[in-house]
Structures are given as structure tokens and as C-alpha cells.
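As C-alpha cells, the structure follows; a few thoughts come after it.
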Amino acid sequence: MKTRVAIIGGGPGGTTAAMYLLRQGLTPVIIEKESFPRYRIGESMTGECGAILRDLNLGMDMIENKHPVKHGVKVYGKHPWFLPVMARTPEGKLMDQTTWQVRRSDFDKMMLDEAVKRGAILVHGQATDPILDENGKVTGVQVRLADGSGMMQIESELLMDFSGGATFLATKGVTGPKYLGNYDRQIAIFSQIENGIRDNGEARDEQNGNTLIFYKQKYHWAWWIPIDDKVTSVGVVTPAAYFMEQNETKEEFLKRELHNIHPELTSRIPDVTLVEDTRVIKNYSYQVKQFCGEGYMAFGDAHRFVDPIFSFGMYVTMKEAQLAAPYVVKYLNGELPKEGNPFEEYQVMVEKAIDVLEDALDGFWEHPFAFAMLVYNRYVDQMIDIFAGRIYENQPSEAVVAFRKLLKRERTYDSDIYSVPIGSRYHADRAPIWVDDTSDAEVMTKLLNL
Ligand SMILES: Cc1cc2nc3c(=O)[nH]c(=O)nc-3n(C[C@H](O)[C@H](O)[C@H](O)COP(=O)(O)OP(=O)(O)OC[C@H]3O[C@@H](n4cnc5c(N)ncnc54)[C@H](O)[C@@H]3O)c2cc1C
């Protein structure tokens with residue numbers, strides 16, 4: 001098969017890319033290995049993620065499908081604070097807005113069906129290997145078809161990697177190296193409950209569809225995300241070493257932690273009855289260098305994931321898909337630089353945006369009091385912008401500059417090293433301090449047996 005653009009992954013990123021490319025008159029091929037609906041974690045959207053869905057004319061579908069409406073995120077630590085979802089008017093004024101929470105199996109299926117309905121071609125199978133020419137340019141991908149009928153070779157002018165945590169192109173050595181990120185020693189353990197007591201007030205911070213975050217101490221927190229009118233996604237994130245020390249099954253750990261992290265969470269779940277499998281994700285924090293090049297681009301989790309705490313994952317992959325569409329058209333028309341990386345400008349733009357998120361997240365953990373001051377007093381509007389996802393323009397804002405000062409961190413983008421994770425263990429001098437007595441090897445051995 002021959003196509004101008006092949007997309008690996010039919011999740012929200014790949015399908016958003018397909019819909020924006022269709023608008024540009026291109027007919028992409030989506031390669032997806034799983035049969036939808038399929039489970040996925042990552043259910044809370046930022047404000048600007050909702051804006052992308054509205055831009056794709058899917059706002060009415062989201063309402064008809066009755067996805068819970070999110071007005072903001074409330075964070076319970078020592079002192080609770082709330083950040084509302086707000087949009088910017090064309091004149092730049094902040095205005096109240098809402099976004100959605102989703103059960104991913106339903107939402108992802110809706111997105112894939114819609115992309116196909118609008119004209120994308122779906123190939124059900126697993127991308128196994130990229131095809132490269134003698135100069136190392138990516139010219140396609142090999143696919144093992146899901147119906148067992150064998151292999152298919154797909155020749156493409158551009159291969160877009162939306163494979164999520166599988167990081168297809170990085171794993172196959174097409175991109176630059178993959179580095180561990182700041183939060184790579186964290187573990188997330190999660191499930192769903194049916195009997196949680198929801199907020200039910202009039203005010204925006206009391207709406208029952210809101211995301212709630214609870215933290216006990218540094219790197220030790222829980223989420224609460226309503227995914228329909230009864231079921232709430234709940235998860236606990238802690239250092240992996242702490243989990244191992246408890247000597248509990250993942251279910252025991254999750255249930256006990258949900259009652260231990262914060263009294264505000266305990267009171268919302270008098271009886272913890274899990275209605276979904278308990279699942280684990282570890283090593284989710286990483287960054288891939290040089291993730292775009294001749295014939296290929298990687299998006300969202302396929303090149304970088306910092307930490308799930310403020311729900312940026314779906315938004316970043318969908319926004320990158322939207323921002324990439326005009327670059328893709330120019331690339332196919334031969335209008336991007338012929339020397340070096342044709343997507344250099346795009347790559348630096350999206351890298352800078354995730355740096356903003358990383359600095360805000362690190363600021364939250366390293367300087368929680370200063371963070372709360374910035375949210376509530378000093379740079380309220382700028383913090384609302386970051387949480388909504390307005391990180392691609394007018395950044396770094398004064399709030400981000402303040403985080404960088406607090407973190408004693410400088411970002412430079414004029415040399416080859418800009419995309420090495422600033423807080424990773426590859427910069428031992430800047431790595432976060434972990435309360436961790438268990439050796440890495442011991443933790444890894446135990447985790448592999450989960
Ligand atoms: C603990 C945790 C909590 C999170 N919470 C949130 C949250 O609240 N909100 C949020 O927005 N994000 C959250 N995220 C992040 C979110 O899960 C991801 O950012 C998001 O799913 C990325 O979407 P995607 O479409 O890029 O990739 P995915 O959703 O991962 O989809 C990738 C698709 O590619 C397919 N695929 C992979 N490899 C191949 C292959 N070789 N061939 C063919 N198909 C392939 C897969 O089957 C899959 O369908 C969380 C992440 C974690 C770890």
C-alpha cells in the first residue's frame with residue numbers, strides 16, 4: 001500500500017491528526033493494533049483540549065455522549081486551592097469555560113470511528129518495523145495484520161508516530177535517544193469506584209464533574225476523576241520504592257492508600273469497592289531527543305511524558321497533532337528546509353511548551369507553598385493559562401520565569417543539548433532528591449514480577 005501519510009496509533013492523538021489532515025485534503029492511513037473499544041488510562045481533559053474537540057465540531061457529540069463536565073481542578077494538600085477552566089476571548093480576556101472527563105474506551109472509539117467516517121483509512125494491525133532508505137530517511141512501515149493474513153508494507157512520505165508509551169520510533173532507534181525523566185521512579189496504581197461521594201454544590205469548585213487531587217507529601221498523591229454519572233476513576237501515585245516496601249498486592253495497596261492519603265479523600269469513599277481491574281504503570285517519565293526528521297515525526301507520549309498529575313497527556317498529543325498539520329502540508333509540498341531536520345522549527349516549539357509544563361510541575365513539588373502563592377495571588381491569570389494548556393504562545397510567562405528562578409534552572413534552545421531532560425538522572429547535579437533506601441536494581445526486579 002502507498003500513502004502520503006501513515007499514522008501509527010488510533011488513540012486521541014492519531015485520530016486528531018487524521019481529522020486535521022483530512023481538512024487539508026490529505027487521506028491518511030491509521031495503523032492500530034487493538035480492537036476498539038479498549039481500556040486506556042488518562043481521562044481528564046484540560047480546557048484547551050476541549051477547545052480542540054469543539055474546533056473539530058465534536059462538541060455536540062461530547063454533550064450527547066454525556067461525558068462529565070469539568071469546571072476545574074481542586075487540589076487538597078495542606079490548604080485546598082482551585083483552578084477553574086477558563087478560555088481566552090479573541091480580545092485576550094479570560095472567560096469561564098468547561099471541558100470534559102471521559103471514559104477512554106468510549107471516547108477513543110468515538111474518535112477513531114469519526115476519523116474513519118471523515119475519510120481516514122484504518123489498517124488493523126501492528127506496526128513492526130520502520131522502512132528506511134539508504135540515507136536513513138523513513139519511507140514507510142511494516143505492519144503485521146490483525147486478521148492473521150500476514151505482513152503489509154506501507155510506503156509513506158511521512159510516518160507519524162502516535163503509539164503512546166510504546167514510543168515506536170524511539171524503540172526502533174529512528175529518533176535520538178530516550179532519556180529517563182524526572183518522575184521515572186514513580187508508580188501509578190489505579191482502578192475505578194462506583195460508590196464515591198461527589199461534590200454537589202452550585203459554585204464552580206463544588207461541581208460534581210471536577211478533577212480532585214489529594215497529596216500527602218512530596219511525590220505521594222491520588223486522583224479522583226468522574227468518568228460517568230456513577231463511576232469515578234481513582235489512582236494513587238507514589239515512589240515505586242515505597243510501594244515495594246509495603247509488601248501488598250496492588251489492590252490492597254490502592255485500597256489502603258485511598259483511605260490514608262488525605263481525610264478529604266477518605267470521607268468521599270466510605271467503602272472502597274473497586275469496579276475495574278487494578279492496573280499499574282511505572283517508568284512513565286521520559287523524553288526522546290530529535291523526535292522529528294526526514295520522513296518521520298513523533299507526537300505526545302511517543303516522544304515525551306513528564307507526569308500525569310495535572311492531566312496534560314491527551315491535550316499535548318492532540319495539540320501537537322493540530323499544530324503539525326500545516327507543517328505536514330508544507331513538508332509534502334517540499335516547502336520545508338531541505339538541509340538538516342525539516343521539522344526543526346516545529347520540534348523546538350513543542351519542546352519549549354512541554355518545558356513550561358515540566359517547570360510548573362517541578363515547581364509544584366519542590367516549592368508547594370510558592371506554587372500556591374503564584375496560583376492564588378501573584379500570577380493568577382498566567383497560572384490559569386498554563387493549566388488550560390496555553391503553553392505554546394506567550395511563554396515563558398512571568399509565572400514560568402518565577403518557577404525557573406525557584407528551581408535555579410535555565411532553559412537554552414540554541415544548542416544540541418536543549419532536549420535532554422533537565423531534571424533527569426543524566427544531570428545528576430540537578431536531579432530531584434528522592435527519599436529512597438531501596439536500590440534501583442532491587443526495585444526493578446520486584447516491579448518486573450508485578
Ligand atoms: C497514570 C497516568 C494517568 C494519566 N492521566 C491522564 C489524564 O487524566 N488526562 C490526560 O489527558 N492524560 C493522562 N495521562 C496521559 C494519557 O494516557 C496519554 O497522554 C494519552 O493516552 C496519549 O494519547 P495518544 O493518542 O498519543 O496515545 P495512546 O492513547 O497511548 O494511544 C496509542 C495507540 O497506539 C496503538 N499502538 C501502539 N503501538 C502500536 C503499533 N506498533 N502498531 C499499531 N498500533 C500501535 C495503541 O494500541 C493505542 O491505541 C495519564 C497517563 C498516566 C501514565
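Each chain in the C-alpha cells gets a letter, A, B, ..., in the order shown, and its residues are numbered from 1; ligands are numbered from 1 in order too.
Among the residues of stretch 70-166 of chain A, backbone DSSP assigns helix (DSSP H, G or I) to Arg104, Ser105, Asp106, Phe107, Asp108, Lys109, Met110, Met111, Leu112, Asp113, Glu114, Ala115, Val116, Lys117, Gly164, Gly165 and Ala166 of chain A.
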List every residue of stretch 86-142 of chain A that has an atom at most 9 Å from any atom of stretch 153-167 of chain A, and for each one report the closest atom pair and its distance in Å to one decimal, counting only C-alpha atoms, with rows sorted by chain and then by increasing residue number, as a Markdown table.
| residue | atom | partner | partner_atom | distance |
| --- | --- | --- | --- | --- |
| A:Pro130 | CA | A:Leu159 | CA | 8.6 |
| A:Ile131 | CA | A:Glu155 | CA | 8.0 |
| A:Val138 | CA | A:Leu159 | CA | 7.2 |
| A:Thr139 | CA | A:Ser156 | CA | 5.4 |
| A:Gly140 | CA | A:Glu155 | CA | 4.2 |
| A:Val141 | CA | A:Ile154 | CA | 5.3 |
| A:Gln142 | CA | A:Gln153 | CA | 4.7 |
Write out the residues from the selection above, keeping N, CA, C and O atoms, as an mmCIF file, in the first residue's frame.
data_model
loop_
_atom_site.group_PDB
_atom_site.id
_atom_site.type_symbol
_atom_site.label_atom_id
_atom_site.label_comp_id
_atom_site.auth_asym_id
_atom_site.auth_seq_id
_atom_site.Cartn_x
_atom_site.Cartn_y
_atom_site.Cartn_z
ATOM 1 N N PRO A 130 10.020 0.153 11.043
ATOM 2 C CA PRO A 130 10.023 1.231 10.049
ATOM 3 C C PRO A 130 10.827 0.793 8.831
ATOM 4 O O PRO A 130 11.713 -0.065 8.941
ATOM 5 N N ILE A 131 10.507 1.367 7.681
ATOM 6 C CA ILE A 131 11.306 1.097 6.474
ATOM 7 C C ILE A 131 12.166 2.336 6.220
ATOM 8 O O ILE A 131 11.646 3.465 6.219
ATOM 9 N N VAL A 138 13.036 7.805 6.598
ATOM 10 C CA VAL A 138 11.933 6.866 6.800
ATOM 11 C C VAL A 138 11.017 6.916 5.576
ATOM 12 O O VAL A 138 10.540 7.984 5.188
ATOM 13 N N THR A 139 10.760 5.752 5.000
ATOM 14 C CA THR A 139 9.941 5.706 3.778
ATOM 15 C C THR A 139 8.706 4.818 3.937
ATOM 16 O O THR A 139 8.014 4.531 2.970
ATOM 17 N N GLY A 140 8.459 4.373 5.159
ATOM 18 C CA GLY A 140 7.266 3.560 5.356
ATOM 19 C C GLY A 140 7.374 2.695 6.596
ATOM 20 O O GLY A 140 8.236 2.898 7.453
ATOM 21 N N VAL A 141 6.478 1.711 6.666
ATOM 22 C CA VAL A 141 6.418 0.872 7.866
ATOM 23 C C VAL A 141 5.870 -0.516 7.496
ATOM 24 O O VAL A 141 5.023 -0.646 6.604
ATOM 25 N N GLN A 142 6.400 -1.511 8.182
ATOM 26 C CA GLN A 142 5.894 -2.882 8.018
ATOM 27 C C GLN A 142 4.802 -3.119 9.053
ATOM 28 O O GLN A 142 4.964 -2.739 10.209
#
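Close contacts of A:Gly92, defined as residues with an atom at most 12 Å away when counting only C-alpha atoms, with chain neighbours fewer than 2 positions off set aside, comprise Met86, Ala87, Arg88, Thr89, Pro90, Leu94, Met95, Asp381, Asp385, Arg390 and Asn394 of chain A.
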Write out the residues from the selection above, keeping C-alpha atoms, as a PDB file, in the first residue's frame.
ATOM      1  CA  MET A  86     -11.146  29.365  31.574  1.00  0.00           C
ATOM      2  CA  ALA A  87     -10.742  30.272  27.923  1.00  0.00           C
ATOM      3  CA  ARG A  88      -9.391  33.474  26.337  1.00  0.00           C
ATOM      4  CA  THR A  89     -11.692  35.549  24.155  1.00  0.00           C
ATOM      5  CA  PRO A  90     -10.303  36.752  20.800  1.00  0.00           C
ATOM      6  CA  LEU A  94     -10.399  35.352  30.396  1.00  0.00           C
ATOM      7  CA  MET A  95     -13.879  33.858  30.413  1.00  0.00           C
ATOM      8  CA  ASP A 381      -4.259  34.567  35.141  1.00  0.00           C
ATOM      9  CA  ASP A 385      -3.428  29.762  31.217  1.00  0.00           C
ATOM     10  CA  ARG A 390      -1.983  27.758  26.719  1.00  0.00           C
ATOM     11  CA  ASN A 394       3.333  33.969  25.113  1.00  0.00           C
TER      12      ASN A 394
END
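The list of residues with at least one atom within 7 Å of A:Glu32, based on only C-alpha atoms and without residues fewer than 3 positions apart in the same chain, reads Ile8, Gly9, Gly10, Val123, His124, Gly125 and Gln126 of chain A.
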Stretch 62-105 of chain A near stretch 356-373 of chain A within 10 Å: what's each residue's closest atom pair and its distance in Å to one decimal, counting only C-alpha atoms, ordered by chain then ascending residue number, as JSON lines?
{"residue": "A:Val75", "atom": "CA", "partner": "A:Ala372", "partner_atom": "CA", "distance": 9.9}
{"residue": "A:Gly77", "atom": "CA", "partner": "A:Pro368", "partner_atom": "CA", "distance": 9.1}
{"residue": "A:Lys78", "atom": "CA", "partner": "A:Phe369", "partner_atom": "CA", "distance": 9.4}
{"residue": "A:His79", "atom": "CA", "partner": "A:Ala372", "partner_atom": "CA", "distance": 8.8}
{"residue": "A:Pro80", "atom": "CA", "partner": "A:Ala372", "partner_atom": "CA", "distance": 9.2}
{"residue": "A:Trp81", "atom": "CA", "partner": "A:Ala372", "partner_atom": "CA", "distance": 7.5}
{"residue": "A:Phe82", "atom": "CA", "partner": "A:Ala372", "partner_atom": "CA", "distance": 9.8}
Mind checking which residues fall within 12 Å of A:Leu22, counting only C-alpha atoms, ignoring those fewer than 4 positions away in the same chain, and posting them as a compact mmCIF listing (two decimals) with N, CA and C atoms, in the first residue's frame?
# COMPACT_ATOMS: atom_id res chain seq x y z
N ARG A 4 0.48 9.02 1.33
CA ARG A 4 1.35 10.16 1.62
C ARG A 4 1.70 10.18 3.10
N VAL A 5 0.67 9.93 3.95
CA VAL A 5 0.89 9.99 5.40
C VAL A 5 0.36 8.73 6.07
N THR A 15 -5.96 10.06 15.90
CA THR A 15 -7.23 10.38 15.22
C THR A 15 -7.40 11.89 15.05
N THR A 16 -6.91 12.67 16.02
CA THR A 16 -6.95 14.14 15.86
C THR A 16 -6.09 14.54 14.66
N ALA A 17 -4.91 13.94 14.55
CA ALA A 17 -4.04 14.25 13.41
C ALA A 17 -4.75 13.92 12.11
N ALA A 18 -5.39 12.75 12.08
CA ALA A 18 -6.08 12.33 10.86
C ALA A 18 -7.15 13.34 10.47
N LEU A 26 -5.76 15.76 2.70
CA LEU A 26 -4.95 14.53 2.69
C LEU A 26 -5.78 13.36 3.22
N THR A 27 -5.50 12.17 2.73
CA THR A 27 -6.20 10.98 3.22
C THR A 27 -5.19 10.08 3.94
N PRO A 28 -5.08 10.20 5.27
CA PRO A 28 -4.07 9.41 5.97
C PRO A 28 -4.51 7.97 6.22
N VAL A 29 -3.52 7.11 6.41
CA VAL A 29 -3.78 5.72 6.82
C VAL A 29 -3.45 5.61 8.30
N LEU A 56 -12.98 20.68 16.16
CA LEU A 56 -13.22 19.54 15.24
C LEU A 56 -14.71 19.27 15.06
N GLU A 114 -15.00 8.40 14.08
CA GLU A 114 -15.21 9.69 13.41
C GLU A 114 -14.14 9.93 12.34
N ALA A 115 -12.89 9.60 12.68
CA ALA A 115 -11.80 9.81 11.70
C ALA A 115 -12.05 8.97 10.46
N VAL A 116 -12.52 7.73 10.68
CA VAL A 116 -12.79 6.84 9.54
C VAL A 116 -14.00 7.36 8.75
N LYS A 117 -15.02 7.81 9.50
CA LYS A 117 -16.21 8.36 8.82
C LYS A 117 -15.85 9.56 7.95
N ARG A 118 -14.87 10.34 8.41
CA ARG A 118 -14.48 11.53 7.64
C ARG A 118 -13.53 11.20 6.49
N GLY A 119 -13.08 9.93 6.43
CA GLY A 119 -12.29 9.55 5.25
C GLY A 119 -10.95 8.90 5.50
N ALA A 120 -10.50 8.80 6.77
CA ALA A 120 -9.21 8.14 7.03
C ALA A 120 -9.33 6.65 6.75
N ILE A 121 -8.22 6.03 6.36
CA ILE A 121 -8.22 4.58 6.08
C ILE A 121 -7.63 3.87 7.28
N GLN A 322 -2.67 18.96 15.99
CA GLN A 322 -3.27 20.15 15.35
C GLN A 322 -2.17 21.08 14.81
N ALA A 325 -0.27 19.89 11.51
CA ALA A 325 -0.93 19.75 10.19
C ALA A 325 -0.35 20.70 9.13
N PRO A 326 -0.21 22.01 9.41
CA PRO A 326 0.34 22.88 8.35
C PRO A 326 1.79 22.53 8.00
N VAL A 328 3.01 19.52 8.01
CA VAL A 328 2.94 18.31 7.19
C VAL A 328 2.66 18.69 5.74
N VAL A 329 1.71 19.60 5.55
CA VAL A 329 1.37 20.02 4.18
C VAL A 329 2.60 20.65 3.51
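Note that atom CA of A:Met314 and atom CA of A:Thr128 are 24.2 Å apart.
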Practice item. Would you list the contacts of A:Ala388 as a list in words, taking every protein, DNA or RNA residue within 10 Å and counting only C-alpha atoms, but skipping same-chain residues closer than 3 positions in sequence? Key: Met45, Thr46, Gly47, Glu48, Cys49, Gly50, Ala51, Gly72, Leu83, Pro84, Val85, Met86, Ala87, Arg88, Gln97, Thr99, Phe310, Ser311, Phe312, Tyr315, Gln382, Met383, Ile384, Asp385 and Ile391 of chain A
For the selection you just gave me, I'd like the residues written to a file as an mmCIF file, in the first residue's frame, keeping C-alpha atoms.
data_model
loop_
_atom_site.group_PDB
_atom_site.id
_atom_site.type_symbol
_atom_site.label_atom_id
_atom_site.label_comp_id
_atom_site.auth_asym_id
_atom_site.auth_seq_id
_atom_site.Cartn_x
_atom_site.Cartn_y
_atom_site.Cartn_z
ATOM 1 C CA MET A 45 -9.074 16.978 29.737
ATOM 2 C CA THR A 46 -7.633 20.455 30.019
ATOM 3 C CA GLY A 47 -9.680 23.437 28.843
ATOM 4 C CA GLU A 48 -7.791 23.750 25.575
ATOM 5 C CA CYS A 49 -8.243 20.023 24.949
ATOM 6 C CA GLY A 50 -11.992 20.681 24.990
ATOM 7 C CA ALA A 51 -11.357 23.582 22.591
ATOM 8 C CA GLY A 72 -11.663 22.900 37.116
ATOM 9 C CA LEU A 83 -8.094 26.405 39.442
ATOM 10 C CA PRO A 84 -11.081 26.985 37.145
ATOM 11 C CA VAL A 85 -11.168 26.060 33.465
ATOM 12 C CA MET A 86 -11.146 29.365 31.574
ATOM 13 C CA ALA A 87 -10.742 30.272 27.923
ATOM 14 C CA ARG A 88 -9.391 33.474 26.337
ATOM 15 C CA GLN A 97 -15.329 27.679 30.112
ATOM 16 C CA THR A 99 -14.174 20.844 29.412
ATOM 17 C CA PHE A 310 -2.382 17.864 36.080
ATOM 18 C CA SER A 311 -3.816 15.882 33.155
ATOM 19 C CA PHE A 312 -1.919 17.265 30.187
ATOM 20 C CA TYR A 315 -4.128 17.603 25.330
ATOM 21 C CA GLN A 382 -0.971 33.099 33.959
ATOM 22 C CA MET A 383 -1.483 30.009 36.093
ATOM 23 C CA ILE A 384 -4.998 29.614 34.692
ATOM 24 C CA ASP A 385 -3.428 29.762 31.217
ATOM 25 C CA ILE A 391 1.678 26.870 26.675
#
